[in-house]
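Right, one structure below, let's go through it.
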Amino acid sequence: MTPLGQAAAREVVELHAYFVDVFTGRNRDFSRCEKALALDMAMVTPEGRRVNRPQIITALKKATARADFRIAIHDIRPLHETAQDILLQYVEEQYRDGETSKRVSVALFEAAPGAPCGVVWRYLQETWIAD
């Protein structure tokens, strides 16, 4: 994988680890997330709702989970890349309250030297994976 692809893949893994800490209350500092999301970030949720950056951050600030909540990321693969951005696909598994949910996500990242892993999230679309 290219350096840009490696940075984006690292961002996916690190941001989801951060979400676990935030949701379980171990960390309530949202600056890491705010630095990682582009100002014009857009997302389509697994239910098909389109949300923007302020809505995403508000939802994250309200989210909670028990101490045993976990997220696993796997099957990260690049779909398309230019000099400044990369489109990645990955699978996210969430373990919450004894239940496992899976979704496949496609995310567009743009190179941004000041961001935590050197990229910002521009677009994210999640789709549930049926068992």
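Scheme for the structure tokens: letters A, B, ... for chains in order shown; per-chain residue numbers from 1; ligand numbers from 1 in order shown.
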Checklist entry - Got a sec: who's within 7 Å of stretch 32-42 of chain A, counting only C-alpha atoms, leaving out chain neighbours fewer than 3 positions off, as JSON, numbers by chain? => result {"A": [51, 52, 53, 115, 116, 120, 121, 122, 123, 124]}
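The shell of residues at most 10 Å from A:Phe19, with only C-alpha atoms counted and near chain neighbours (fewer than 4 positions) removed, consists of A:Glu14, A:Leu15, A:Phe23, A:Thr24, A:Gly25, A:Arg26, A:Asn27, A:Arg28, A:Phe30, A:Cys33, A:Leu60, A:Ala63, A:Thr64, A:Phe69, A:Arg70, A:Ile71.
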Limited to C-alpha atoms, could you put the picked residues into a file as an mmCIF file, in the first residue's frame?
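The resulting file, result08.cif, is shown below:
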data_model
loop_
_atom_site.group_PDB
_atom_site.id
_atom_site.type_symbol
_atom_site.label_atom_id
_atom_site.label_comp_id
_atom_site.auth_asym_id
_atom_site.auth_seq_id
_atom_site.Cartn_x
_atom_site.Cartn_y
_atom_site.Cartn_z
ATOM 1 C CA GLU A 14 -6.925 4.654 15.315
ATOM 2 C CA LEU A 15 -10.183 6.619 15.039
ATOM 3 C CA PHE A 23 -18.183 5.698 24.013
ATOM 4 C CA THR A 24 -17.071 3.876 27.169
ATOM 5 C CA GLY A 25 -16.202 7.147 28.931
ATOM 6 C CA ARG A 26 -12.468 6.538 29.199
ATOM 7 C CA ASN A 27 -11.847 9.662 27.076
ATOM 8 C CA ARG A 28 -14.185 12.627 26.554
ATOM 9 C CA PHE A 30 -13.264 15.363 21.170
ATOM 10 C CA CYS A 33 -12.119 13.588 16.186
ATOM 11 C CA LEU A 60 -20.519 11.089 18.939
ATOM 12 C CA ALA A 63 -22.903 8.090 22.315
ATOM 13 C CA THR A 64 -22.295 5.766 25.240
ATOM 14 C CA PHE A 69 -17.801 -2.440 23.986
ATOM 15 C CA ARG A 70 -15.302 -3.221 21.205
ATOM 16 C CA ILE A 71 -14.750 -2.396 17.550
#
Checklist entry - Counting only C-alpha atoms, what is within 10 Å of A:Glu92, bar same-chain residues fewer than 5 positions away, as a list in words? => result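 Returned residues: Val12, Val13, His16, Ile71, Ala72, Ile73, His74, Asp75, Ile76, Ser101, Lys102, Arg103, Val104, Ser105, Glu126, Trp128 and Ile129 of chain A.
Using only C-alpha atoms, the shortest contact distance between A:Ala111 and any of A:Asp68, A:Asp21, A:Asp131, A:Asp85 is found at A:Asp85.
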Shell of 6 Å around A:Ile86, only C-alpha atoms, local chain residues under 5 positions omitted, as an mmCIF file with N, CA and C atoms, in the first residue's frame:
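The result, written out as part23.cif:
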data_model
loop_
_atom_site.group_PDB
_atom_site.id
_atom_site.type_symbol
_atom_site.label_atom_id
_atom_site.label_comp_id
_atom_site.auth_asym_id
_atom_site.auth_seq_id
_atom_site.Cartn_x
_atom_site.Cartn_y
_atom_site.Cartn_z
ATOM 1 N N HIS A 80 -9.423 3.314 -4.898
ATOM 2 C CA HIS A 80 -8.977 4.316 -5.881
ATOM 3 C C HIS A 80 -8.070 5.304 -5.160
ATOM 4 N N GLU A 81 -7.068 5.811 -5.876
ATOM 5 C CA GLU A 81 -6.136 6.746 -5.259
ATOM 6 C C GLU A 81 -5.627 7.748 -6.278
ATOM 7 N N LEU A 108 -13.639 8.186 1.897
ATOM 8 C CA LEU A 108 -12.743 9.019 1.100
ATOM 9 C C LEU A 108 -11.910 9.860 2.041
ATOM 10 N N PHE A 109 -10.596 9.756 1.900
ATOM 11 C CA PHE A 109 -9.651 10.516 2.713
ATOM 12 C C PHE A 109 -8.864 11.474 1.825
#
Item to check | d(atom CA of A:Ala65, atom CA of A:Arg96) in Å | outcome: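 Taking atom CA of A:Ala65 and atom CA of A:Arg96, their separation equals 7.3 Å.
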Item to check | Which of chain A DSSP labels helix (DSSP H, G or I), written as a PyMOL selection string | outcome: chain A and resi 3-23+31-36+53-62
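Rounded to one decimal, atom CA of A:Thr2 and atom CA of A:Pro78 lie 9.5 Å from each other.
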Item to check | Of the listed residues A:Leu79, A:Ala8, A:Gln55, A:Gln84, that which approaches A:Met43 most closely, counting only C-alpha atoms | outcome: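 Ranking A:Leu79, A:Ala8, A:Gln55, A:Gln84 by distance to A:Met43, first place goes to A:Gln55.
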Checklist entry - How far is it from atom CA of A:Thr45 to atom CA of A:Gln94, in Å with one decimal? => result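 Going from atom CA of A:Thr45 over to atom CA of A:Gln94 covers 14.7 Å.
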